[in-house]
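Structure record follows, encoded as structure tokens.
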Amino acid sequence: MAVGLLTLWLLMLLGHVLYTGAGMWGFFLVVGAGVVVGCGVAFARRGAEIGASWGLLAAIAAMFFCAAHMEYLASNVLHDRGREVYGLVQEETGFTLPNPRDGTPGTYTYAVSLPGSSQQIELSTEVRELETGKKYLMTIDPQRGVRPVLGPRPGTDVFHLVWQIVCAVFIMLFWLAAVVVGFDPDEIGW
């Protein structure tokens with residue numbers, strides 16, 4: 001049980017490190033973490049025929065857990081420290097057409113000035129054209145770590161939290177079955 005909890009703690013730490021700025025290395029670190037967890041479970045199950053299968057499933061669960069944790073942290077920044085302001089749309093700076101093949105909606109990009117600031121920020125909206133010269137309610141990150149969003153401060157990201165919990169349960173079950181219990185599926189006729 002301690003091995004599983006230590007694994008989850010290390011994956012959460014990795015997710016936090018990746019969220020705070022690993023850049024392009026993030027993908028490789030997530031895959032690497034999955035490989036390490038998968039190899040650990042497979043090594044613990046090396047006497048059974050399905051050790052590699054369990055290792056692969058544990059690796060997939062570990063990668064999903066780490067990715068879900070990163071997304072959870074990123075999506076909750078505006079919930080935790082976001083500030084609602086009325087920004088004045090100065091001009092439209094870009095537009096991308098919708099792509100019907102993959103379902104990507106069109107995106108409008110605007111230069112917006114905030115009250116009490118001479119700097120402009122960039123605001124992107126999907127399929128909602130804003131009028132130049134009007135004020136709109138938006139939520140910004142005072143530390144500028146996350147792009148601003150149109151509308152009030154968002155709620156907690158329950159979707160990524162649920163996926164994180166599901167992946168954590170699977171990782172704990174794999175470690176529990178592989179290390180502590182020494183479960184052999186041949187004993188029950190699989």
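Chain labels run A, B, ... following the order of the structure tokens; each chain numbers its residues from 1, and ligands are numbered from 1 in the order shown.
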
>> Could you go through range 31-143 of chain A and tell me which residues DSSP, when run on the backbone, assigns to strand (DSSP E), listing them as JSON, numbers by chain?
In response: {"A": [83, 84, 85, 86, 87, 88, 89, 90, 91, 92, 93, 94, 95, 96, 107, 108, 109, 110, 111, 112, 113, 120, 121, 122, 123, 124, 125, 126, 135, 136, 137, 138, 139, 140]}

Would you export the selected residues with N, CA and C atoms as an mmCIF file, in the first residue's frame, please?
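Final output, saved to out_14.cif:
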data_model
loop_
_atom_site.group_PDB
_atom_site.id
_atom_site.type_symbol
_atom_site.label_atom_id
_atom_site.label_comp_id
_atom_site.auth_asym_id
_atom_site.auth_seq_id
_atom_site.Cartn_x
_atom_site.Cartn_y
_atom_site.Cartn_z
ATOM 1 N N ARG A 83 -9.365 36.864 -11.186
ATOM 2 C CA ARG A 83 -9.985 38.135 -10.816
ATOM 3 C C ARG A 83 -10.922 38.560 -11.937
ATOM 4 N N GLU A 84 -12.145 38.889 -11.595
ATOM 5 C CA GLU A 84 -13.111 39.344 -12.593
ATOM 6 C C GLU A 84 -12.915 40.826 -12.850
ATOM 7 N N VAL A 85 -12.794 41.189 -14.123
ATOM 8 C CA VAL A 85 -12.642 42.587 -14.518
ATOM 9 C C VAL A 85 -13.461 42.823 -15.782
ATOM 10 N N TYR A 86 -13.748 44.094 -16.040
ATOM 11 C CA TYR A 86 -14.385 44.474 -17.294
ATOM 12 C C TYR A 86 -13.299 45.025 -18.206
ATOM 13 N N GLY A 87 -13.029 44.292 -19.289
ATOM 14 C CA GLY A 87 -12.008 44.713 -20.238
ATOM 15 C C GLY A 87 -12.634 45.384 -21.443
ATOM 16 N N LEU A 88 -11.955 46.376 -21.972
ATOM 17 C CA LEU A 88 -12.423 47.118 -23.141
ATOM 18 C C LEU A 88 -11.769 46.535 -24.381
ATOM 19 N N VAL A 89 -12.592 46.046 -25.322
ATOM 20 C CA VAL A 89 -12.081 45.472 -26.565
ATOM 21 C C VAL A 89 -11.585 46.607 -27.452
ATOM 22 N N GLN A 90 -10.281 46.609 -27.729
ATOM 23 C CA GLN A 90 -9.669 47.658 -28.552
ATOM 24 C C GLN A 90 -9.780 47.342 -30.042
ATOM 25 N N GLU A 91 -9.393 46.108 -30.409
ATOM 26 C CA GLU A 91 -9.444 45.729 -31.816
ATOM 27 C C GLU A 91 -9.411 44.217 -31.957
ATOM 28 N N GLU A 92 -9.894 43.743 -33.100
ATOM 29 C CA GLU A 92 -9.796 42.323 -33.432
ATOM 30 C C GLU A 92 -8.435 42.116 -34.075
ATOM 31 N N THR A 93 -7.665 41.188 -33.529
ATOM 32 C CA THR A 93 -6.309 40.979 -34.039
ATOM 33 C C THR A 93 -6.155 39.709 -34.857
ATOM 34 N N GLY A 94 -7.163 38.855 -34.845
ATOM 35 C CA GLY A 94 -7.049 37.628 -35.629
ATOM 36 C C GLY A 94 -8.324 36.821 -35.640
ATOM 37 N N PHE A 95 -8.401 35.931 -36.627
ATOM 38 C CA PHE A 95 -9.545 35.035 -36.746
ATOM 39 C C PHE A 95 -9.078 33.762 -37.430
ATOM 40 N N THR A 96 -9.430 32.605 -36.866
ATOM 41 C CA THR A 96 -9.172 31.332 -37.523
ATOM 42 C C THR A 96 -10.498 30.714 -37.902
ATOM 43 N N THR A 107 -12.049 30.737 -34.083
ATOM 44 C CA THR A 107 -11.562 31.477 -32.926
ATOM 45 C C THR A 107 -11.302 32.927 -33.299
ATOM 46 N N TYR A 108 -11.867 33.840 -32.509
ATOM 47 C CA TYR A 108 -11.609 35.264 -32.659
ATOM 48 C C TYR A 108 -10.582 35.664 -31.612
ATOM 49 N N THR A 109 -9.625 36.500 -31.994
ATOM 50 C CA THR A 109 -8.621 36.995 -31.056
ATOM 51 C C THR A 109 -8.703 38.514 -31.003
ATOM 52 N N TYR A 110 -8.651 39.064 -29.791
ATOM 53 C CA TYR A 110 -8.817 40.499 -29.579
ATOM 54 C C TYR A 110 -7.708 41.056 -28.694
ATOM 55 N N ALA A 111 -7.397 42.324 -28.916
ATOM 56 C CA ALA A 111 -6.545 43.087 -28.000
ATOM 57 C C ALA A 111 -7.483 43.803 -27.040
ATOM 58 N N VAL A 112 -7.283 43.570 -25.745
ATOM 59 C CA VAL A 112 -8.174 44.102 -24.718
ATOM 60 C C VAL A 112 -7.350 44.906 -23.717
ATOM 61 N N SER A 113 -7.864 46.081 -23.355
ATOM 62 C CA SER A 113 -7.203 46.864 -22.304
ATOM 63 C C SER A 113 -7.985 46.689 -21.007
ATOM 64 N N GLN A 120 -2.031 45.981 -22.983
ATOM 65 C CA GLN A 120 -3.148 45.226 -23.539
ATOM 66 C C GLN A 120 -2.858 43.741 -23.391
ATOM 67 N N ILE A 121 -3.931 42.983 -23.212
ATOM 68 C CA ILE A 121 -3.806 41.529 -23.161
ATOM 69 C C ILE A 121 -4.532 40.947 -24.354
ATOM 70 N N GLU A 122 -4.238 39.684 -24.644
ATOM 71 C CA GLU A 122 -4.889 39.000 -25.755
ATOM 72 C C GLU A 122 -5.995 38.115 -25.212
ATOM 73 N N LEU A 123 -7.164 38.201 -25.824
ATOM 74 C CA LEU A 123 -8.311 37.399 -25.430
ATOM 75 C C LEU A 123 -8.793 36.626 -26.643
ATOM 76 N N SER A 124 -8.961 35.313 -26.495
ATOM 77 C CA SER A 124 -9.477 34.477 -27.577
ATOM 78 C C SER A 124 -10.832 33.926 -27.185
ATOM 79 N N THR A 125 -11.768 33.969 -28.117
ATOM 80 C CA THR A 125 -13.093 33.406 -27.889
ATOM 81 C C THR A 125 -13.451 32.508 -29.058
ATOM 82 N N GLU A 126 -14.234 31.495 -28.795
ATOM 83 C CA GLU A 126 -14.665 30.591 -29.843
ATOM 84 C C GLU A 126 -16.082 30.958 -30.278
ATOM 85 N N LYS A 135 -17.220 47.007 -23.381
ATOM 86 C CA LYS A 135 -16.622 46.351 -22.227
ATOM 87 C C LYS A 135 -17.307 45.006 -22.002
ATOM 88 N N TYR A 136 -16.502 44.006 -21.667
ATOM 89 C CA TYR A 136 -17.008 42.665 -21.403
ATOM 90 C C TYR A 136 -16.399 42.143 -20.112
ATOM 91 N N LEU A 137 -17.200 41.350 -19.375
ATOM 92 C CA LEU A 137 -16.723 40.719 -18.155
ATOM 93 C C LEU A 137 -15.789 39.576 -18.533
ATOM 94 N N MET A 138 -14.612 39.556 -17.933
ATOM 95 C CA MET A 138 -13.660 38.473 -18.179
ATOM 96 C C MET A 138 -12.937 38.158 -16.881
ATOM 97 N N THR A 139 -12.335 36.983 -16.857
ATOM 98 C CA THR A 139 -11.562 36.558 -15.701
ATOM 99 C C THR A 139 -10.104 36.465 -16.115
ATOM 100 N N ILE A 140 -9.249 37.121 -15.349
ATOM 101 C CA ILE A 140 -7.817 37.113 -15.652
ATOM 102 C C ILE A 140 -7.046 36.502 -14.492
#

> Hey, can you check how far CA of Trp54 in chain A sits from CA of Gly15 in chain A?
Replying inline: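 These two atoms are separated by 22.7 Å.
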
>> Give me the residues near Tyr72 in chain A as a PyMOL selection string, where near means some atom within 8 Å (using only C-alpha atoms) and where sequence neighbours in that chain fewer than 3 positions away do not count.
In response: chain A and resi 68-69+75-76+157+160-161

>> Nearest residue to Ala74 in chain A out of A:Ile171, A:Gly155, A:Gly145, A:Leu6, using only C-alpha atoms?
In response: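 Closest to Ala74 in chain A of all the choices is A:Gly145.
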
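Compared by their closest atoms to Leu173 in chain A, and using only C-alpha atoms, the residues A:Phe65, A:Asp80, A:Val41, A:Val36 rank with A:Val41 nearest.
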
Please list as a tab-separated table (two decimals) with N, CA and C atoms, in the first residue's frame every residue within 12 Å of Ala59 in chain A, counting only C-alpha atoms and excluding residues in the same chain fewer than 2 positions away.
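What ended up in result00.tsv:
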chain	number	residue	atom	x	y	z
A	7	THR	N	3.89	6.16	-5.11
A	7	THR	CA	3.78	6.35	-6.56
A	7	THR	C	2.84	7.50	-6.88
A	11	LEU	N	3.78	10.99	-8.72
A	11	LEU	CA	3.10	11.40	-9.96
A	11	LEU	C	2.45	12.77	-9.80
A	30	VAL	N	6.00	12.59	-18.86
A	30	VAL	CA	4.79	11.83	-18.56
A	30	VAL	C	4.94	10.39	-19.04
A	31	VAL	N	5.44	10.22	-20.27
A	31	VAL	CA	5.65	8.88	-20.80
A	31	VAL	C	6.69	8.14	-19.96
A	32	GLY	N	7.76	8.84	-19.58
A	32	GLY	CA	8.79	8.23	-18.75
A	32	GLY	C	8.25	7.77	-17.41
A	33	ALA	N	7.39	8.60	-16.80
A	33	ALA	CA	6.78	8.21	-15.52
A	33	ALA	C	5.92	6.96	-15.69
A	34	GLY	N	5.17	6.91	-16.78
A	34	GLY	CA	4.35	5.72	-17.05
A	34	GLY	C	5.20	4.48	-17.24
A	35	VAL	N	6.32	4.62	-17.95
A	35	VAL	CA	7.21	3.48	-18.17
A	35	VAL	C	7.80	3.00	-16.84
A	36	VAL	N	8.20	3.92	-15.98
A	36	VAL	CA	8.78	3.54	-14.69
A	36	VAL	C	7.76	2.79	-13.83
A	37	VAL	N	6.53	3.32	-13.75
A	37	VAL	CA	5.50	2.65	-12.96
A	37	VAL	C	5.16	1.29	-13.57
A	38	GLY	N	5.03	1.26	-14.90
A	38	GLY	CA	4.73	0.00	-15.57
A	38	GLY	C	5.82	-1.04	-15.36
A	39	CYS	N	7.07	-0.64	-15.44
A	39	CYS	CA	8.18	-1.57	-15.21
A	39	CYS	C	8.19	-2.05	-13.77
A	40	GLY	N	7.86	-1.15	-12.83
A	40	GLY	CA	7.81	-1.55	-11.43
A	40	GLY	C	6.75	-2.61	-11.17
A	41	VAL	N	5.57	-2.42	-11.74
A	41	VAL	CA	4.49	-3.40	-11.56
A	41	VAL	C	4.84	-4.70	-12.29
A	42	ALA	N	5.36	-4.59	-13.50
A	42	ALA	CA	5.74	-5.79	-14.25
A	42	ALA	C	6.84	-6.57	-13.54
A	52	ALA	N	3.70	-8.48	-17.74
A	52	ALA	CA	3.86	-7.41	-18.73
A	52	ALA	C	2.52	-6.71	-18.98
A	53	SER	N	1.44	-7.46	-19.00
A	53	SER	CA	0.12	-6.86	-19.22
A	53	SER	C	-0.25	-5.92	-18.07
A	54	TRP	N	-0.01	-6.39	-16.86
A	54	TRP	CA	-0.31	-5.54	-15.71
A	54	TRP	C	0.57	-4.30	-15.73
A	55	GLY	N	1.83	-4.47	-16.11
A	55	GLY	CA	2.74	-3.33	-16.20
A	55	GLY	C	2.28	-2.33	-17.22
A	56	LEU	N	1.79	-2.80	-18.37
A	56	LEU	CA	1.28	-1.90	-19.41
A	56	LEU	C	0.05	-1.14	-18.92
A	57	LEU	N	-0.86	-1.84	-18.27
A	57	LEU	CA	-2.06	-1.18	-17.75
A	57	LEU	C	-1.71	-0.17	-16.66
A	61	ALA	N	-2.39	3.88	-16.79
A	61	ALA	CA	-3.08	4.57	-15.68
A	61	ALA	C	-2.20	5.68	-15.10
A	62	ALA	N	-0.89	5.44	-14.99
A	62	ALA	CA	0.01	6.45	-14.44
A	62	ALA	C	0.11	7.65	-15.37
A	63	MET	N	0.18	7.42	-16.68
A	63	MET	CA	0.25	8.54	-17.62
A	63	MET	C	-1.03	9.36	-17.59
A	64	PHE	N	-2.17	8.68	-17.55
A	64	PHE	CA	-3.44	9.40	-17.48
A	64	PHE	C	-3.56	10.18	-16.18
A	65	PHE	N	-3.11	9.59	-15.07
A	65	PHE	CA	-3.16	10.28	-13.79
A	65	PHE	C	-2.35	11.56	-13.83
A	66	CYS	N	-1.13	11.47	-14.33
A	66	CYS	CA	-0.23	12.63	-14.38
A	66	CYS	C	-0.80	13.71	-15.30
A	167	CYS	N	-7.99	7.04	-12.05
A	167	CYS	CA	-6.64	6.54	-12.35
A	167	CYS	C	-5.89	6.18	-11.07
A	168	ALA	N	-6.07	6.97	-10.02
A	168	ALA	CA	-5.41	6.68	-8.75
A	168	ALA	C	-5.90	5.35	-8.18
A	170	PHE	N	-7.02	2.78	-9.90
A	170	PHE	CA	-6.41	1.71	-10.69
A	170	PHE	C	-4.95	1.50	-10.33
A	171	ILE	N	-4.20	2.57	-10.15
A	171	ILE	CA	-2.78	2.43	-9.79
A	171	ILE	C	-2.66	1.72	-8.44
A	174	PHE	N	-3.43	-2.00	-8.87
A	174	PHE	CA	-2.34	-2.72	-9.51
A	174	PHE	C	-1.21	-2.98	-8.53
A	175	TRP	N	-0.83	-1.95	-7.77
A	175	TRP	CA	0.24	-2.15	-6.79
A	175	TRP	C	-0.19	-3.11	-5.69

>> Here is a test: counting only C-alpha atoms, which residue of A:Ala44, A:Glu71, A:Lys134, A:Leu97 is nearest to Phe159 in chain A?
In response: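 Closest residue, counting only C-alpha atoms: A:Glu71.
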